[in-house]
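Colleague: Take a look at target_34.cif, mmCIF, C-alpha atoms and all ligand atoms:
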```
data_data
loop_
_atom_site.group_PDB
_atom_site.id
_atom_site.type_symbol
_atom_site.label_atom_id
_atom_site.label_comp_id
_atom_site.auth_asym_id
_atom_site.auth_seq_id
_atom_site.Cartn_x
_atom_site.Cartn_y
_atom_site.Cartn_z
ATOM 1 C CA MET A 9 51.273 -106.615 53.377
ATOM 2 C CA LEU A 10 49.659 -107.966 56.567
ATOM 3 C CA ASN A 11 47.833 -105.510 58.836
ATOM 4 C CA ILE A 12 48.067 -106.381 62.523
ATOM 5 C CA LEU A 13 46.138 -104.797 65.360
ATOM 6 C CA ILE A 14 47.795 -105.117 68.758
ATOM 7 C CA LEU A 15 45.504 -104.316 71.672
ATOM 8 C CA GLY A 16 47.927 -102.853 74.169
ATOM 9 C CA GLY A 17 48.361 -101.311 77.563
ATOM 10 C CA THR A 18 51.137 -103.641 78.722
ATOM 11 C CA GLN A 19 54.926 -103.691 78.412
ATOM 12 C CA GLU A 20 54.634 -106.856 76.362
ATOM 13 C CA ALA A 21 52.362 -105.142 73.840
ATOM 14 C CA ALA A 22 54.854 -102.306 73.424
ATOM 15 C CA LYS A 23 57.758 -104.732 72.961
ATOM 16 C CA LEU A 24 55.802 -106.827 70.501
ATOM 17 C CA ALA A 25 54.837 -103.770 68.471
ATOM 18 C CA THR A 26 58.443 -102.647 68.110
ATOM 19 C CA LYS A 27 59.594 -106.083 67.060
ATOM 20 C CA ALA A 28 56.662 -106.835 64.764
ATOM 21 C CA ALA A 29 57.081 -103.506 62.996
ATOM 22 C CA ASN A 30 60.550 -104.639 61.942
ATOM 23 C CA LEU A 31 59.257 -107.773 60.262
ATOM 24 C CA PRO A 32 58.943 -107.619 56.471
ATOM 25 C CA HIS A 33 55.458 -107.169 54.979
ATOM 26 C CA ILE A 34 53.871 -106.293 58.324
ATOM 27 C CA LYS A 35 52.015 -103.115 59.193
ATOM 28 C CA VAL A 36 51.351 -102.675 62.890
ATOM 29 C CA LYS A 37 48.709 -100.656 64.694
ATOM 30 C CA VAL A 38 48.712 -100.503 68.490
ATOM 31 C CA SER A 39 45.560 -99.529 70.307
ATOM 32 C CA LEU A 40 45.533 -98.080 73.820
ATOM 33 C CA ALA A 41 42.495 -97.298 75.936
ATOM 34 C CA GLY A 42 43.972 -93.914 76.818
ATOM 35 C CA ARG A 43 43.929 -94.396 80.586
ATOM 36 C CA THR A 44 47.405 -92.939 81.106
ATOM 37 C CA SER A 45 48.848 -89.653 79.917
ATOM 38 C CA GLN A 46 51.301 -91.558 77.709
ATOM 39 C CA ALA A 47 51.747 -89.357 74.641
ATOM 40 C CA ALA A 48 50.933 -90.637 71.188
ATOM 41 C CA THR A 49 54.578 -90.704 70.233
ATOM 42 C CA SER A 50 54.349 -93.370 67.607
ATOM 43 C CA LYS A 51 52.756 -93.455 64.220
ATOM 44 C CA TYR A 52 51.600 -96.989 65.064
ATOM 45 C CA LEU A 53 49.438 -95.773 67.918
ATOM 46 C CA ARG A 54 45.688 -95.140 68.117
ATOM 47 C CA ILE A 55 44.164 -94.081 71.422
ATOM 48 C CA GLY A 56 40.712 -94.441 72.981
ATOM 49 C CA GLY A 57 37.861 -96.935 73.075
ATOM 50 C CA PHE A 58 36.353 -98.215 69.843
ATOM 51 C CA GLY A 59 32.764 -97.790 70.977
ATOM 52 C CA GLY A 60 31.960 -101.348 71.969
ATOM 53 C CA ILE A 61 31.931 -104.438 69.765
ATOM 54 C CA ALA A 62 30.231 -102.681 66.847
ATOM 55 C CA GLY A 63 32.828 -99.916 66.888
ATOM 56 C CA LEU A 64 35.649 -102.418 66.998
ATOM 57 C CA ILE A 65 34.231 -104.362 64.040
ATOM 58 C CA GLU A 66 33.914 -101.134 62.099
ATOM 59 C CA TYR A 67 37.517 -100.225 62.895
ATOM 60 C CA LEU A 68 38.819 -103.650 61.891
ATOM 61 C CA GLN A 69 37.062 -103.379 58.565
ATOM 62 C CA ALA A 70 38.054 -99.784 57.882
ATOM 63 C CA GLU A 71 41.714 -100.494 58.637
ATOM 64 C CA ARG A 72 41.621 -103.820 56.770
ATOM 65 C CA ILE A 73 43.087 -105.637 59.766
ATOM 66 C CA ASP A 74 44.169 -109.221 59.013
ATOM 67 C CA LEU A 75 45.283 -110.394 62.474
ATOM 68 C CA ILE A 76 44.483 -109.348 66.045
ATOM 69 C CA ILE A 77 46.832 -109.771 68.961
ATOM 70 C CA ASP A 78 45.162 -109.104 72.260
ATOM 71 C CA ALA A 79 48.082 -108.124 74.485
ATOM 72 C CA THR A 80 45.964 -106.324 77.071
ATOM 73 C CA HIS A 81 46.368 -106.835 80.812
ATOM 74 C CA ALA A 82 44.836 -109.996 82.286
ATOM 75 C CA PHE A 83 42.323 -107.863 84.212
ATOM 76 C CA ALA A 84 41.147 -105.983 81.110
ATOM 77 C CA ALA A 85 38.487 -108.600 80.395
ATOM 78 C CA THR A 86 35.919 -106.444 78.604
ATOM 79 C CA ILE A 87 38.144 -105.506 75.693
ATOM 80 C CA SER A 88 39.351 -109.116 75.431
ATOM 81 C CA HIS A 89 35.770 -110.369 75.128
ATOM 82 C CA HIS A 90 35.002 -107.661 72.578
ATOM 83 C CA ALA A 91 38.052 -108.688 70.558
ATOM 84 C CA ALA A 92 37.020 -112.331 70.660
ATOM 85 C CA ILE A 93 33.499 -111.584 69.415
ATOM 86 C CA ALA A 94 34.671 -109.153 66.729
ATOM 87 C CA ALA A 95 37.333 -111.572 65.472
ATOM 88 C CA GLU A 96 34.816 -114.400 65.345
ATOM 89 C CA ASN A 97 32.370 -112.189 63.498
ATOM 90 C CA LEU A 98 34.905 -111.227 60.819
ATOM 91 C CA GLN A 99 36.676 -114.626 60.838
ATOM 92 C CA LEU A 100 39.997 -112.999 61.765
ATOM 93 C CA PRO A 101 42.776 -114.959 63.472
ATOM 94 C CA ARG A 102 43.230 -113.736 67.066
ATOM 95 C CA LEU A 103 45.965 -114.481 69.575
ATOM 96 C CA MET A 104 46.073 -113.565 73.242
ATOM 97 C CA LEU A 105 49.476 -112.617 74.644
ATOM 98 C CA ILE A 106 49.049 -112.989 78.367
ATOM 99 C CA ARG A 107 51.477 -113.337 81.249
ATOM 100 C CA SER A 108 51.405 -116.624 83.095
ATOM 101 C CA GLU A 109 49.657 -116.425 86.448
ATOM 102 C CA TRP A 110 51.589 -116.393 89.705
ATOM 103 C CA GLU A 111 51.252 -119.722 91.476
ATOM 104 C CA LEU A 112 51.128 -120.185 95.224
ATOM 105 C CA VAL A 113 54.474 -121.505 96.516
ATOM 106 C CA GLU A 114 55.520 -122.791 99.911
ATOM 107 C CA GLY A 115 55.627 -119.994 102.462
ATOM 108 C CA ASP A 116 53.057 -117.817 100.696
ATOM 109 C CA LYS A 117 50.184 -116.670 102.907
ATOM 110 C CA TRP A 118 47.624 -115.939 100.219
ATOM 111 C CA ILE A 119 43.956 -115.328 100.693
ATOM 112 C CA GLU A 120 42.505 -115.618 97.205
ATOM 113 C CA VAL A 121 39.405 -113.591 96.375
ATOM 114 C CA GLU A 122 37.230 -113.337 93.270
ATOM 115 C CA ASN A 123 37.394 -109.582 92.750
ATOM 116 C CA ILE A 124 38.364 -106.211 94.218
ATOM 117 C CA GLU A 125 35.062 -105.830 96.103
ATOM 118 C CA SER A 126 35.656 -109.146 97.899
ATOM 119 C CA ALA A 127 39.172 -108.005 98.788
ATOM 120 C CA ALA A 128 37.749 -104.850 100.386
ATOM 121 C CA LYS A 129 35.129 -106.863 102.237
ATOM 122 C CA ILE A 130 37.553 -109.216 103.978
ATOM 123 C CA LEU A 131 40.237 -106.669 104.870
ATOM 124 C CA PRO A 132 38.738 -105.469 108.193
ATOM 125 C CA ASP A 133 39.104 -109.005 109.582
ATOM 126 C CA LEU A 134 42.745 -109.239 108.555
ATOM 127 C CA ALA A 135 44.536 -105.969 108.385
ATOM 128 C CA LYS A 136 45.490 -102.652 109.930
ATOM 129 C CA ARG A 137 48.177 -101.459 107.523
ATOM 130 C CA VAL A 138 47.790 -102.451 103.879
ATOM 131 C CA PHE A 139 50.010 -102.168 100.822
ATOM 132 C CA LEU A 140 47.469 -101.684 98.034
ATOM 133 C CA THR A 141 48.911 -102.405 94.584
ATOM 134 C CA ILE A 142 45.946 -102.693 92.266
ATOM 135 C CA GLY A 143 46.510 -99.690 90.020
ATOM 136 C CA ARG A 144 44.532 -96.497 90.361
ATOM 137 C CA GLN A 145 41.097 -97.161 88.910
ATOM 138 C CA GLU A 146 39.497 -99.231 91.655
ATOM 139 C CA LEU A 147 40.768 -97.571 94.834
ATOM 140 C CA THR A 148 37.322 -96.292 95.780
ATOM 141 C CA ALA A 149 36.298 -99.829 96.788
ATOM 142 C CA PHE A 150 38.547 -99.392 99.859
ATOM 143 C CA SER A 151 37.566 -95.847 100.794
ATOM 144 C CA GLN A 152 35.006 -96.861 103.425
ATOM 145 C CA LEU A 153 37.512 -98.838 105.501
ATOM 146 C CA GLU A 154 38.101 -96.358 108.278
ATOM 147 C CA ASN A 155 40.236 -98.488 110.552
ATOM 148 C CA ILE A 156 42.821 -99.390 107.947
ATOM 149 C CA TRP A 157 45.753 -97.313 106.709
ATOM 150 C CA PHE A 158 46.745 -97.781 103.061
ATOM 151 C CA LEU A 159 50.038 -97.394 101.229
ATOM 152 C CA MET A 160 48.846 -97.111 97.604
ATOM 153 C CA ARG A 161 51.367 -97.561 94.816
ATOM 154 C CA MET A 162 50.587 -96.743 91.207
ATOM 155 C CA ILE A 163 52.269 -95.261 88.168
ATOM 156 C CA GLU A 164 50.174 -92.132 87.814
ATOM 157 C CA LYS A 165 47.914 -90.130 90.108
ATOM 158 C CA PRO A 166 44.296 -91.308 90.185
ATOM 159 C CA ALA A 167 41.616 -89.268 88.433
ATOM 160 C CA SER A 168 40.016 -86.548 90.564
ATOM 161 C CA ASP A 169 36.689 -88.411 90.802
ATOM 162 C CA ILE A 170 38.293 -91.421 92.512
ATOM 163 C CA VAL A 171 37.557 -91.404 96.246
ATOM 164 C CA LEU A 172 40.752 -92.450 97.936
ATOM 165 C CA PRO A 173 41.090 -94.549 101.074
ATOM 166 C CA GLN A 174 43.064 -92.990 103.908
ATOM 167 C CA GLY A 175 46.823 -93.348 103.608
ATOM 168 C CA LEU A 176 49.691 -92.441 101.340
ATOM 169 C CA LEU A 177 50.039 -92.392 97.538
ATOM 170 C CA LEU A 178 53.315 -93.640 96.140
ATOM 171 C CA LEU A 179 53.775 -92.847 92.442
ATOM 172 C CA LYS A 180 56.335 -95.287 91.083
ATOM 173 C CA LYS A 181 56.822 -97.495 88.068
ATOM 174 C CA GLY A 182 58.298 -100.997 88.244
ATOM 175 C CA PRO A 183 60.178 -103.195 87.862
ATOM 176 C CA PHE A 184 60.915 -103.413 91.603
ATOM 177 C CA ASN A 185 63.373 -105.671 93.362
ATOM 178 C CA LYS A 186 62.881 -107.922 96.344
ATOM 179 C CA ASP A 187 65.129 -106.026 98.737
ATOM 180 C CA SER A 188 63.530 -102.650 98.112
ATOM 181 C CA GLU A 189 60.074 -104.233 98.381
ATOM 182 C CA LYS A 190 61.023 -105.805 101.717
ATOM 183 C CA ARG A 191 62.297 -102.455 102.972
ATOM 184 C CA LEU A 192 59.078 -100.782 101.900
ATOM 185 C CA LEU A 193 56.910 -103.349 103.687
ATOM 186 C CA GLU A 194 59.021 -103.031 106.833
ATOM 187 C CA ASP A 195 59.343 -99.230 106.800
ATOM 188 C CA TYR A 196 55.568 -98.804 106.592
ATOM 189 C CA GLU A 197 54.849 -101.685 108.980
ATOM 190 C CA ILE A 198 52.597 -103.352 106.433
ATOM 191 C CA ASP A 199 50.675 -106.394 107.658
ATOM 192 C CA THR A 200 48.778 -107.220 104.433
ATOM 193 C CA VAL A 201 49.396 -106.779 100.717
ATOM 194 C CA VAL A 202 46.510 -106.545 98.246
ATOM 195 C CA SER A 203 47.446 -107.487 94.693
ATOM 196 C CA LYS A 204 45.858 -108.610 91.465
ATOM 197 C CA ASN A 205 47.243 -111.862 90.088
ATOM 198 C CA SER A 206 48.776 -109.981 87.182
ATOM 199 C CA GLY A 207 51.563 -112.494 86.642
ATOM 200 C CA GLY A 208 54.937 -111.802 85.029
ATOM 201 C CA SER A 209 58.184 -110.767 86.629
ATOM 202 C CA ALA A 210 58.016 -106.945 86.723
ATOM 203 C CA THR A 211 55.881 -106.766 89.880
ATOM 204 C CA TYR A 212 56.482 -110.206 91.393
ATOM 205 C CA ALA A 213 59.123 -108.932 93.854
ATOM 206 C CA LYS A 214 56.439 -107.704 96.283
ATOM 207 C CA ILE A 215 55.005 -111.232 96.427
ATOM 208 C CA ILE A 216 58.416 -112.721 97.239
ATOM 209 C CA ALA A 217 59.036 -109.965 99.796
ATOM 210 C CA ALA A 218 55.711 -110.691 101.510
ATOM 211 C CA ARG A 219 56.512 -114.425 101.564
ATOM 212 C CA GLU A 220 59.922 -113.848 103.142
ATOM 213 C CA LEU A 221 58.506 -111.496 105.767
ATOM 214 C CA GLY A 222 55.528 -113.760 106.527
ATOM 215 C CA ILE A 223 53.061 -111.080 105.404
ATOM 216 C CA LYS A 224 49.575 -111.989 104.159
ATOM 217 C CA VAL A 225 48.630 -111.340 100.545
ATOM 218 C CA VAL A 226 45.027 -110.851 99.491
ATOM 219 C CA MET A 227 45.341 -112.075 95.910
ATOM 220 C CA VAL A 228 42.609 -111.066 93.495
ATOM 221 C CA LYS A 229 41.983 -113.853 90.996
ATOM 222 C CA ARG A 230 41.862 -113.156 87.291
ATOM 223 C CA PRO A 231 38.542 -112.508 85.621
ATOM 224 C CA MET A 232 37.236 -115.019 83.101
ATOM 225 C CA LEU A 233 38.913 -114.447 79.739
ATOM 226 C CA PRO A 234 37.685 -115.606 76.345
ATOM 227 C CA GLN A 235 38.689 -118.971 74.931
ATOM 228 C CA GLY A 236 41.259 -119.055 72.179
ATOM 229 C CA GLU A 237 44.864 -119.487 71.265
ATOM 230 C CA SER A 238 47.251 -117.824 73.693
ATOM 231 C CA VAL A 239 50.958 -117.435 74.329
ATOM 232 C CA GLU A 240 52.862 -116.107 77.320
ATOM 233 C CA ASP A 241 55.755 -114.238 75.745
ATOM 234 C CA VAL A 242 56.585 -111.797 72.992
ATOM 235 C CA GLU A 243 58.806 -114.216 71.042
ATOM 236 C CA SER A 244 55.978 -116.746 70.745
ATOM 237 C CA ALA A 245 53.632 -114.026 69.535
ATOM 238 C CA LEU A 246 56.178 -113.068 66.872
ATOM 239 C CA GLU A 247 56.381 -116.696 65.762
ATOM 240 C CA TRP A 248 52.580 -116.794 65.494
ATOM 241 C CA ILE A 249 52.597 -113.715 63.247
ATOM 242 C CA GLN A 250 55.166 -115.311 60.977
ATOM 243 C CA GLU A 251 52.897 -118.286 60.344
ATOM 244 C CA PHE A 252 50.690 -116.097 58.143
HETATM 245 P P1 LIG A 301 38.517 -103.167 80.078
HETATM 246 O O1 LIG A 301 37.712 -103.027 81.326
HETATM 247 O O2 LIG A 301 38.702 -104.502 79.492
HETATM 248 O O3 LIG A 301 37.919 -102.255 78.920
HETATM 249 C C1 LIG A 301 36.977 -101.219 79.138
HETATM 250 C C2 LIG A 301 36.850 -100.437 77.839
HETATM 251 O O4 LIG A 301 38.044 -99.694 77.588
HETATM 252 C C3 LIG A 301 36.675 -101.307 76.612
HETATM 253 O O5 LIG A 301 35.329 -101.697 76.442
HETATM 254 C C4 LIG A 301 37.209 -100.413 75.506
HETATM 255 O O6 LIG A 301 36.257 -99.404 75.190
HETATM 256 C C5 LIG A 301 38.339 -99.702 76.197
HETATM 257 N N1 LIG A 301 39.637 -100.360 75.990
HETATM 258 C C6 LIG A 301 40.280 -101.194 76.841
HETATM 259 N N2 LIG A 301 41.472 -101.552 76.337
HETATM 260 C C7 LIG A 301 41.571 -100.934 75.142
HETATM 261 C C8 LIG A 301 42.579 -100.883 74.155
HETATM 262 N N3 LIG A 301 43.751 -101.545 74.295
HETATM 263 N N4 LIG A 301 42.347 -100.129 73.032
HETATM 264 C C9 LIG A 301 41.191 -99.433 72.891
HETATM 265 N N5 LIG A 301 40.193 -99.444 73.809
HETATM 266 C C10 LIG A 301 40.402 -100.173 74.917
HETATM 267 O O7 LIG A 301 39.941 -102.486 80.283
HETATM 268 P P2 LIG A 301 40.599 -101.801 81.588
HETATM 269 O O8 LIG A 301 40.730 -102.840 82.656
HETATM 270 O O9 LIG A 301 39.896 -100.529 81.859
HETATM 271 O O10 LIG A 301 42.052 -101.509 81.037
HETATM 272 C C11 LIG A 301 42.277 -100.463 80.127
HETATM 273 C C12 LIG A 301 43.678 -100.590 79.557
HETATM 274 O O11 LIG A 301 44.632 -100.552 80.596
HETATM 275 C C13 LIG A 301 43.900 -101.883 78.775
HETATM 276 O O12 LIG A 301 44.508 -101.551 77.565
HETATM 277 C C14 LIG A 301 44.801 -102.702 79.657
HETATM 278 O O13 LIG A 301 45.712 -103.479 78.924
HETATM 279 C C15 LIG A 301 45.515 -101.646 80.514
HETATM 280 N N6 LIG A 301 45.799 -102.130 81.883
HETATM 281 C C16 LIG A 301 44.776 -102.562 82.664
HETATM 282 C C17 LIG A 301 45.076 -103.019 83.933
HETATM 283 C C18 LIG A 301 43.980 -103.532 84.849
HETATM 284 O O14 LIG A 301 44.322 -103.946 85.963
HETATM 285 N N7 LIG A 301 42.735 -103.542 84.420
HETATM 286 C C19 LIG A 301 46.404 -103.044 84.393
HETATM 287 C C20 LIG A 301 47.421 -102.582 83.548
HETATM 288 C C21 LIG A 301 47.098 -102.123 82.285
HETATM 289 P P3 LIG A 301 35.241 -99.563 73.969
HETATM 290 O O15 LIG A 301 34.208 -100.545 74.431
HETATM 291 O O16 LIG A 301 34.733 -98.185 73.751
HETATM 292 O O17 LIG A 301 36.020 -100.092 72.796
#
```
Could you spell out this file's structure in structure tokens?
Ligand code: NAP
Modeller:
Amino acid sequence: MLNILILGGTQEAAKLATKAANLPHIKVKVSLAGRTSQAATSKYLRIGGFGGIAGLIEYLQAERIDLIIDATHAFAATISHHAAIAAENLQLPRLMLIRSEWELVEGDKWIEVENIESAAKILPDLAKRVFLTIGRQELTAFSQLENIWFLMRMIEKPASDIVLPQGLLLLKKGPFNKDSEKRLLEDYEIDTVVSKNSGGSATYAKIIAARELGIKVVMVKRPMLPQGESVEDVESALEWIQEF
């Protein structure tokens, strides 16, 4: 029996867990940070931080984990670095399952920035009405921008300690399609989109919509992720598991 830990929080992680659990001689554990109210519906699930690198190492040992698949979001860099160090420490094979980045194509009007703070800093020079699609944890960075109105889309309401920028919250879960994204941008007279370069297809429609409407996109670049073997899709991750 091979014990696999999947670090989750993405659709890919959930898909991989379901498929891997059906493989013979595999026991799957999925770990979530616990940021959303998603119920612990599965016996494969564990929820909450490990308590840093030391806590993660302890968990890996206690659960006799043989393989780690880091299927966390591209912007969840801390846990990815922790996983890399812990795996190295225990000499465990580790794979990153990570969506390919979106690439600039002809017609895109991207302004690429290093992080969320830089995005907030340049907005006053560019924008009056912004579609902010960065999730719900980092909205406070935009709360001081008094002359900008924000349409903020996320899956769940932000925590009560998050200071919101002025504007409207839109609680919706993707995938979204190009036509509805175009309508949204037009209906709210958006002049600038702020997005993380999350990659993948589920939320790419807003980028196409902005391109077709000639709307600027402030694109937050990915943080530095650890070195190591990586794949871009669930099937390749399953193949990797089957090598052991
Ligand atoms: P992060 O900054 O990399 O991690 C912060 C801390 O949260 C980690 O040190 C760890 O706590 C805990 N943690 C993160 N992912 C975990 C996991 N899968 N299982 C157990 N503990 C985890 O992560 P984040 O950006 O806050 O993201 C949290 C979760 O949301 C991730 O699972 C990620 O896949 C998902 N997510 C993030 C984004 C985003 O834009 N950041 C978008 C979509 C989904 P300890 O040090 O105590 O172990």
Colleague: Residues within 6 Å of ligand LIG 301 (chain A) should be enumerated using all atoms listed in the file and returned as a list in words.
Modeller: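 Going residue by residue within 6 Å of ligand LIG 301 (chain A), we get Leu15, Gly16, Gly17, Thr18, Ser39, Leu40, Ala41, Gly56, Gly57, Phe58, Gly59, Gly60, Thr80, His81, Phe83, Ala84, Ala85, Thr86 and Ile87 of chain A.
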Colleague: Compile the contact shell of A:Trp110 as a PyMOL selection string: residues with an atom at most 9 Å away, counting only C-alpha atoms, same-chain residues fewer than 4 positions apart removed.
Modeller: chain A and resi 205-208+212
Colleague: Can you write just those residues out, C-alpha atoms, as a CSV table (one decimal), in the frame of the given file?
Modeller:
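Done, and the output landed in part_32.csv:
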```csv
chain,number,residue,atom,x,y,z
A,205,ASN,CA,47.2,-111.9,90.1
A,206,SER,CA,48.8,-110.0,87.2
A,207,GLY,CA,51.6,-112.5,86.6
A,208,GLY,CA,54.9,-111.8,85.0
A,212,TYR,CA,56.5,-110.2,91.4
```
Colleague: I'd like to see the residues matched by the PyMOL selection byres (((chain A and resi 92) around 9) and not hetatm) on this file, and ideally I'd get them as a PyMOL selection string.
Modeller: chain A and resi 78+87-91+93-97+102+234-236
Colleague: Using only C-alpha atoms, which residues sit within 10 Å of A:Leu75 once same-chain residues fewer than 3 positions away are excluded, as number ranges by chain?
Modeller: A: 10-14, 36, 68, 72, 78, 95, 99-103, 249, 252
Colleague: Which polymer residues have any atom within 7 Å of an atom of stretch 153-161 of chain A, counting only C-alpha atoms, with same-chain residues fewer than 6 positions away left out, as a list in words?
Modeller: Ala135, Lys136, Arg137, Val138, Phe139, Leu140, Thr141, Pro173, Gln174, Gly175, Leu176, Leu177, Leu178, Leu179 and Lys180 of chain A
Colleague: Rounded to one decimal place, report the atom CA of A:Ile77-atom CA of A:Phe184 distance in Å.
Modeller: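 Computed distance, atom CA of A:Ile77 to atom CA of A:Phe184, equals 27.4 Å.
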Colleague: Quick check, in Å to one decimal: how far apart do atom CA of A:Glu189 and atom CA of A:Ile119 lie?
Modeller: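 Taking atom CA of A:Glu189 as the start and atom CA of A:Ile119 as the end point, the length is 19.7 Å.
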Colleague: Care to translate the PyMOL selection byres (((chain A and resi 241) around 9) and not hetatm) into actual residues of this file, as a PDB file with C-alpha atoms, in the frame of the given file?
Modeller:
```pdb
ATOM      1  CA  GLU A  20      54.634-106.856  76.362  1.00  0.00           C
ATOM      2  CA  LEU A 105      49.476-112.617  74.644  1.00  0.00           C
ATOM      3  CA  ILE A 106      49.049-112.989  78.367  1.00  0.00           C
ATOM      4  CA  ARG A 107      51.477-113.337  81.249  1.00  0.00           C
ATOM      5  CA  SER A 108      51.405-116.624  83.095  1.00  0.00           C
ATOM      6  CA  VAL A 239      50.958-117.435  74.329  1.00  0.00           C
ATOM      7  CA  GLU A 240      52.862-116.107  77.320  1.00  0.00           C
ATOM      8  CA  VAL A 242      56.585-111.797  72.992  1.00  0.00           C
ATOM      9  CA  GLU A 243      58.806-114.216  71.042  1.00  0.00           C
ATOM     10  CA  SER A 244      55.978-116.746  70.745  1.00  0.00           C
ATOM     11  CA  ALA A 245      53.632-114.026  69.535  1.00  0.00           C
ATOM     12  CA  LEU A 246      56.178-113.068  66.872  1.00  0.00           C
TER      13      LEU A 246
END
```
Colleague: What does the distance between atom CA of A:Asp187 and atom CA of A:Phe150 come to in Å, to one decimal place?
Modeller: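 Distance between the two atoms: 27.4 Å.
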Colleague: Might you pull out every residue within 12 Å of A:Lys229, with all atoms listed in the file counted and same-chain residues fewer than 2 positions away left off, and present them as a CSV table (one decimal) with C-alpha atoms, keeping the file's coordinate frame?
Modeller:
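This is the output file result.csv:
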```csv
chain,number,residue,atom,x,y,z
A,82,ALA,CA,44.8,-110.0,82.3
A,83,PHE,CA,42.3,-107.9,84.2
A,109,GLU,CA,49.7,-116.4,86.4
A,110,TRP,CA,51.6,-116.4,89.7
A,111,GLU,CA,51.3,-119.7,91.5
A,112,LEU,CA,51.1,-120.2,95.2
A,118,TRP,CA,47.6,-115.9,100.2
A,119,ILE,CA,44.0,-115.3,100.7
A,120,GLU,CA,42.5,-115.6,97.2
A,121,VAL,CA,39.4,-113.6,96.4
A,122,GLU,CA,37.2,-113.3,93.3
A,123,ASN,CA,37.4,-109.6,92.8
A,124,ILE,CA,38.4,-106.2,94.2
A,125,GLU,CA,35.1,-105.8,96.1
A,126,SER,CA,35.7,-109.1,97.9
A,127,ALA,CA,39.2,-108.0,98.8
A,142,ILE,CA,45.9,-102.7,92.3
A,202,VAL,CA,46.5,-106.5,98.2
A,203,SER,CA,47.4,-107.5,94.7
A,204,LYS,CA,45.9,-108.6,91.5
A,205,ASN,CA,47.2,-111.9,90.1
A,206,SER,CA,48.8,-110.0,87.2
A,207,GLY,CA,51.6,-112.5,86.6
A,225,VAL,CA,48.6,-111.3,100.5
A,226,VAL,CA,45.0,-110.9,99.5
A,227,MET,CA,45.3,-112.1,95.9
A,231,PRO,CA,38.5,-112.5,85.6
A,232,MET,CA,37.2,-115.0,83.1
A,233,LEU,CA,38.9,-114.4,79.7
```
Colleague: Determine the residue set returned by the PyMOL selection byres (((chain A and resi 215) around 9) and not hetatm) for the present structure, and present it as a list in words.
Modeller: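 For this structure, the PyMOL selection byres (((chain A and resi 215) around 9) and not hetatm) captures Asp116, Lys186, Glu189, Val201, Ser203, Thr211, Tyr212, Ala213, Lys214, Ile216, Ala217, Ala218, Arg219, Glu220 and Val225 of chain A.
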Colleague: Using all atoms listed in the file, which of the listed residues (A:Leu98, A:Leu192, A:Ile223, A:Leu131) sits closest to A:Ile65?
Modeller: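 The closest residue to A:Ile65 is A:Leu98.
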Colleague: Under the rule that only C-alpha atoms are counted, which of A:Thr200, A:Gln145, A:Asn185, A:Ser151 is the nearest residue to A:Ser168?
Modeller: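 Of all the options, A:Gln145 lies closest to A:Ser168.
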Colleague: Find the residue from A:Ala79, A:Ala70, A:Leu172, A:Ile163 that sits nearest to A:Glu146; use only C-alpha atoms when measuring.
Modeller: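 Using only C-alpha atoms, the shortest distance to A:Glu146 belongs to A:Leu172.
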